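J.: File follows, input_28.json with JSON, C-alpha atoms:
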[["chain", "number", "residue", "atom", "x", "y", "z"],
["A", 1, "GLN", "CA", -10.17, -5.27, 3.73],
["A", 2, "ARG", "CA", -12.47, -3.73, 1.13],
["A", 3, "LEU", "CA", -11.91, -0.25, 2.53],
["A", 4, "LEU", "CA", -8.14, -0.71, 2.35],
["A", 5, "ALA", "CA", -8.48, -1.93, -1.23],
["A", 6, "LEU", "CA", -10.38, 1.27, -2.12],
["A", 7, "MET", "CA", -7.86, 3.55, -0.41],
["A", 8, "CYS", "CA", -4.61, 1.81, -1.28],
["A", 9, "ASP", "CA", -2.64, 0.72, -4.32],
["A", 10, "VAL", "CA", -1.89, -2.71, -2.83],
["A", 11, "VAL", "CA", -3.20, -4.68, 0.16],
["A", 12, "VAL", "CA", -1.15, -7.52, 1.62],
["A", 13, "GLU", "CA", -1.75, -10.00, 4.40],
["A", 14, "LEU", "CA", 1.14, -10.68, 6.77],
["A", 15, "ASP", "CA", 1.56, -13.54, 9.22],
["A", 16, "SER", "CA", 2.48, -13.07, 12.89],
["A", 17, "ASN", "CA", 6.17, -12.74, 11.89],
["A", 18, "LEU", "CA", 5.31, -9.85, 9.52],
["A", 19, "ARG", "CA", 6.00, -12.02, 6.46],
["A", 20, "PHE", "CA", 3.76, -12.30, 3.41],
["A", 21, "ALA", "CA", 1.12, -14.91, 4.24],
["A", 22, "GLU", "CA", 0.12, -15.36, 0.59],
["A", 23, "HIS", "CA", 1.39, -14.64, -2.90],
["A", 24, "VAL", "CA", 0.31, -11.10, -3.90],
["A", 25, "PRO", "CA", 0.80, -10.57, -7.66],
["A", 26, "LYS", "CA", -0.12, -6.87, -7.47],
["A", 27, "PHE", "CA", 2.65, -6.23, -4.92],
["A", 28, "GLY", "CA", 5.04, -8.15, -7.13],
["A", 29, "VAL", "CA", 4.19, -6.01, -10.15],
["A", 30, "THR", "CA", 4.43, -2.78, -8.16],
["A", 31, "PHE", "CA", 7.66, -3.46, -6.27],
["A", 32, "THR", "CA", 9.51, -6.18, -8.19],
["A", 33, "MET", "CA", 8.14, -5.82, -11.76],
["A", 34, "ASN", "CA", 7.33, -9.54, -11.62],
["A", 35, "ALA", "CA", 3.80, -10.68, -10.83],
["A", 36, "HIS", "CA", 4.95, -14.30, -10.76],
["A", 37, "ARG", "CA", 7.64, -13.85, -8.11],
["A", 38, "ASP", "CA", 6.22, -15.56, -5.03],
["A", 39, "LEU", "CA", 6.99, -13.41, -2.00],
["A", 40, "LYS", "CA", 5.24, -15.70, 0.50],
["A", 41, "GLY", "CA", 7.49, -15.86, 3.57],
["A", 42, "THR", "CA", 9.34, -12.63, 2.70],
["A", 43, "LYS", "CA", 9.28, -9.82, 5.27],
["A", 44, "LEU", "CA", 7.51, -6.68, 4.06],
["A", 45, "SER", "CA", 10.20, -4.66, 5.84],
["A", 46, "ASP", "CA", 12.78, -6.13, 3.42],
["A", 47, "PHE", "CA", 11.39, -3.61, 0.92],
["A", 48, "MET", "CA", 12.10, -0.70, 3.30],
["A", 49, "PRO", "CA", 15.60, 0.66, 2.66],
["A", 50, "VAL", "CA", 15.51, 3.04, 5.64],
["A", 51, "GLU", "CA", 16.37, 1.34, 8.95],
["A", 52, "GLU", "CA", 14.19, 3.77, 10.96],
["A", 53, "ASP", "CA", 11.16, 2.82, 8.83],
["A", 54, "ARG", "CA", 11.79, -0.91, 9.36],
["A", 55, "GLU", "CA", 12.13, -0.45, 13.12],
["A", 56, "ARG", "CA", 9.05, 1.78, 13.40],
["A", 57, "PHE", "CA", 6.98, -0.63, 11.28],
["A", 58, "GLU", "CA", 7.92, -3.61, 13.45],
["A", 59, "THR", "CA", 7.39, -1.62, 16.66],
["A", 60, "LEU", "CA", 3.97, -0.34, 15.61],
["A", 61, "LEU", "CA", 2.75, -3.73, 14.46],
["A", 62, "GLY", "CA", 4.19, -5.28, 17.62],
["A", 63, "GLY", "CA", 2.16, -2.73, 19.59],
["A", 64, "ALA", "CA", -0.91, -3.72, 17.60],
["A", 65, "ALA", "CA", -0.24, -7.34, 18.58],
["A", 66, "GLN", "CA", 0.07, -6.46, 22.27],
["A", 67, "SER", "CA", -3.15, -4.41, 22.32],
["A", 68, "CYS", "CA", -4.94, -7.24, 20.53],
["A", 69, "ASP", "CA", -3.65, -9.84, 23.01],
["A", 70, "GLU", "CA", -4.68, -7.73, 25.99],
["A", 71, "ALA", "CA", -8.18, -7.14, 24.64],
["A", 72, "HIS", "CA", -8.56, -10.63, 23.07],
["A", 73, "THR", "CA", -10.01, -8.95, 20.03],
["A", 74, "SER", "CA", -8.96, -7.09, 16.88],
["A", 75, "SER", "CA", -6.51, -4.27, 17.37],
["A", 76, "VAL", "CA", -6.95, -0.61, 16.68],
["A", 77, "PRO", "CA", -5.84, 0.28, 13.13],
["A", 78, "GLY", "CA", -2.63, 2.22, 12.66],
["A", 79, "ALA", "CA", -0.81, 4.16, 9.96],
["A", 80, "MET", "CA", 2.66, 5.42, 9.18],
["A", 81, "HIS", "CA", 4.71, 7.01, 6.41],
["A", 82, "ALA", "CA", 7.66, 5.05, 5.04],
["A", 83, "THR", "CA", 10.00, 4.75, 2.11],
["A", 84, "MET", "CA", 9.90, 1.55, 0.07],
["A", 85, "ARG", "CA", 12.26, 0.26, -2.58],
["A", 86, "ALA", "CA", 10.80, -0.37, -6.04],
["A", 87, "SER", "CA", 12.06, -2.84, -8.63],
["A", 88, "ASP", "CA", 14.49, -0.40, -10.27],
["A", 89, "ASP", "CA", 15.99, 0.36, -6.85],
["A", 90, "SER", "CA", 14.22, 3.72, -6.79],
["A", 91, "LYS", "CA", 12.66, 4.90, -3.52],
["A", 92, "VAL", "CA", 8.92, 5.39, -3.24],
["A", 93, "SER", "CA", 7.20, 7.36, -0.47],
["A", 94, "VAL", "CA", 4.20, 5.45, 0.86],
["A", 95, "GLU", "CA", 1.58, 5.48, 3.55],
["A", 96, "LEU", "CA", 1.03, 2.17, 5.29],
["A", 97, "PHE", "CA", -2.34, 1.43, 6.92],
["A", 98, "PHE", "CA", -2.54, -1.68, 9.07],
["A", 99, "VAL", "CA", -4.68, -3.68, 11.45],
["A", 100, "ARG", "CA", -4.14, -6.95, 13.29],
["A", 101, "TYR", "CA", -6.81, -9.63, 13.43],
["A", 102, "GLN", "CA", -7.17, -13.32, 14.19],
["A", 103, "ASN", "CA", -8.04, -15.59, 11.29],
["A", 104, "PHE", "CA", -10.34, -18.61, 11.53],
["A", 105, "GLU", "CA", -7.40, -20.76, 12.73],
["A", 106, "GLU", "CA", -6.85, -18.35, 15.67],
["A", 107, "SER", "CA", -3.56, -17.21, 14.09],
["A", 108, "SER", "CA", -2.53, -13.57, 14.23],
["A", 109, "ARG", "CA", -2.53, -11.84, 10.86],
["A", 110, "TYR", "CA", -2.07, -8.28, 9.69],
["A", 111, "LEU", "CA", -3.74, -6.51, 6.80],
["A", 112, "VAL", "CA", -1.47, -3.80, 5.42],
["A", 113, "GLY", "CA", -2.59, -1.31, 2.79],
["A", 114, "ILE", "CA", 0.13, 0.47, 0.83],
["A", 115, "HIS", "CA", -0.62, 3.81, -0.81],
["A", 116, "GLU", "CA", 2.00, 5.64, -2.87],
["A", 117, "VAL", "CA", 2.36, 9.30, -1.91],
["A", 118, "THR", "CA", 3.20, 11.82, -4.60],
["A", 119, "ASP", "CA", 5.71, 14.55, -3.88],
["A", 120, "GLN", "CA", 3.99, 16.99, -6.20],
["A", 121, "PRO", "CA", 1.96, 19.71, -4.49],
["A", 122, "ILE", "CA", -1.72, 19.77, -5.42],
["A", 123, "ALA", "CA", -1.26, 23.08, -7.30],
["A", 124, "ASP", "CA", 1.33, 21.42, -9.58],
["A", 125, "LEU", "CA", -0.99, 18.49, -10.19],
["A", 126, "GLN", "CA", -3.75, 20.91, -11.21],
["A", 127, "LYS", "CA", -1.38, 22.70, -13.63],
["A", 128, "PHE", "CA", -0.45, 19.32, -15.13],
["A", 129, "SER", "CA", -4.11, 18.39, -15.46],
["A", 130, "ASN", "CA", -4.96, 21.73, -17.11],
["A", 131, "ALA", "CA", -2.00, 21.43, -19.52],
["A", 132, "LYS", "CA", -3.05, 17.91, -20.40],
["A", 133, "ARG", "CA", -6.61, 19.11, -21.10],
["A", 134, "ARG", "CA", -5.32, 21.90, -23.36],
["A", 135, "ALA", "CA", -3.07, 19.46, -25.24],
["A", 136, "SER", "CA", -5.87, 17.04, -26.06],
["A", 137, "PRO", "CA", -8.36, 18.39, -28.60],
["A", 138, "ILE", "CA", -11.91, 18.54, -27.35],
["A", 139, "PRO", "CA", -14.50, 18.09, -30.06],
["A", 140, "ALA", "CA", -16.67, 21.10, -30.69],
["A", 141, "ARG", "CA", -20.11, 20.92, -29.17],
["A", 142, "VAL", "CA", -22.65, 19.78, -31.70],
["A", 143, "GLU", "CA", -26.13, 21.28, -31.49],
["A", 144, "GLU", "CA", -29.06, 18.91, -31.68],
["A", 145, "GLY", "CA", -30.34, 18.46, -35.18],
["A", 146, "THR", "CA", -27.17, 19.67, -36.94],
["A", 147, "PRO", "CA", -24.89, 17.16, -38.62],
["A", 148, "PRO", "CA", -21.42, 16.83, -37.12]]
Step by step, read the file and then write its structure as structure tokens.
T.:
Amino acid sequence: QRLLALMCDVVVELDSNLRFAEHVPKFGVTFTMNAHRDLKGTKLSDFMPVEEDRERFETLLGGAAQSCDEAHTSSVPGAMHATMRASDDSKVSVELFFVRYQNFEESSRYLVGIHEVTDQPIADLQKFSNAKRRASPIPARVEEGTPP
């Protein structure tokens, strides 16, 4: 879970029906602009406007469930690209990282990390970064012993 939190913008826990197991304020802020909106019981796939993404998500996590049941252990992690709907109805490209596990009550749960993917090529990002640096004044270097 800590690794997902480092890699992703938001980490959510889903129950065996792929619904939010807990209230996740950070997801609410990111995708509904409302940290107080309780999404517990809502399907994560409800935020996927593309039918193919919803189907692939449910198929992949279903496959994770089957491999976990067969091995009686945690499943192998998986990943996929998808499009999610943000609060203003805009579409956001994301990477989803997921793994199935059994909680202390022996219930199946899924950890899903969501990472927004930028459409800008790295070269464009570097140009933006360089332009930003040029726009902000950098104080002149002060030599030791001389007043600023």
J.: Could you please determine the separation between atom CA of A:His81 and atom CA of A:Glu22 in Å, to one decimal place?
T.: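 Atom CA of A:Glu22 lies 23.6 Å from atom CA of A:His81.
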J.: Suppose you want the space between atom CA of A:Arg2 and atom CA of A:Val50; what is it in Å?
T.: 29.1 Å
J.: Compare A:Phe31, A:Ala79, A:Asn103, A:Phe20 by their minimum atom-to-atom distance to A:Phe47, counting all atoms listed in the file, and give me the closest one.
T.: A:Phe31
J.: Have a look at A:Leu44, A:Leu96, A:Met33, A:Met84 and name the one nearest to A:Arg19; count all atoms listed in the file.
T.: A:Leu44
J.: Of the residues A:Asp89, A:Ser16, A:Phe57, A:Thr42, which is the one nearest to A:Glu106, using all atoms listed in the file?
T.: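 The shortest atom-to-atom distance to A:Glu106 comes from A:Ser16.
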J.: Atom CA of A:Leu18 and atom CA of A:Thr32 are how many Å apart?
T.: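 Separating atom CA of A:Leu18 from atom CA of A:Thr32 is a distance of 18.6 Å.
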J.: Please identify all polymer residues within 10 Å of A:Met80, counting all atoms listed in the file, omitting same-chain residues fewer than 4 positions from it, and present them as an MDAnalysis selection string.
T.: chainID A and resid 53 56:57 60 94:98
J.: Tell me which protein, DNA and RNA residues are within 12 Å of A:Leu14, counting all atoms listed in the file, leaving out same-chain ones fewer than 6 positions away, and put them as a count of residues only.
T.: 27
J.: Quick one: of A:Met7, A:Val29, A:Val76, A:Ala86, who's nearest to A:Asp46, counting only C-alpha atoms?
T.: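 That would be A:Ala86, the residue with the smallest distance to A:Asp46.
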J.: At a cut-off of 8 Å, using all atoms listed in the file, what residues contact A:Asp9? Leave out same-chain residues fewer than 5 positions from it and give the result as an MDAnalysis selection string.
T.: chainID A and resid 113:116
J.: Take the residues just selected and output them with C-alpha atoms as a tab-separated table (two decimals), in the frame of the given file.
T.:
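See out-v1.tsv below for the written result:
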chain	number	residue	atom	x	y	z
A	113	GLY	CA	-2.59	-1.31	2.79
A	114	ILE	CA	0.13	0.47	0.83
A	115	HIS	CA	-0.62	3.81	-0.81
A	116	GLU	CA	2.00	5.64	-2.87
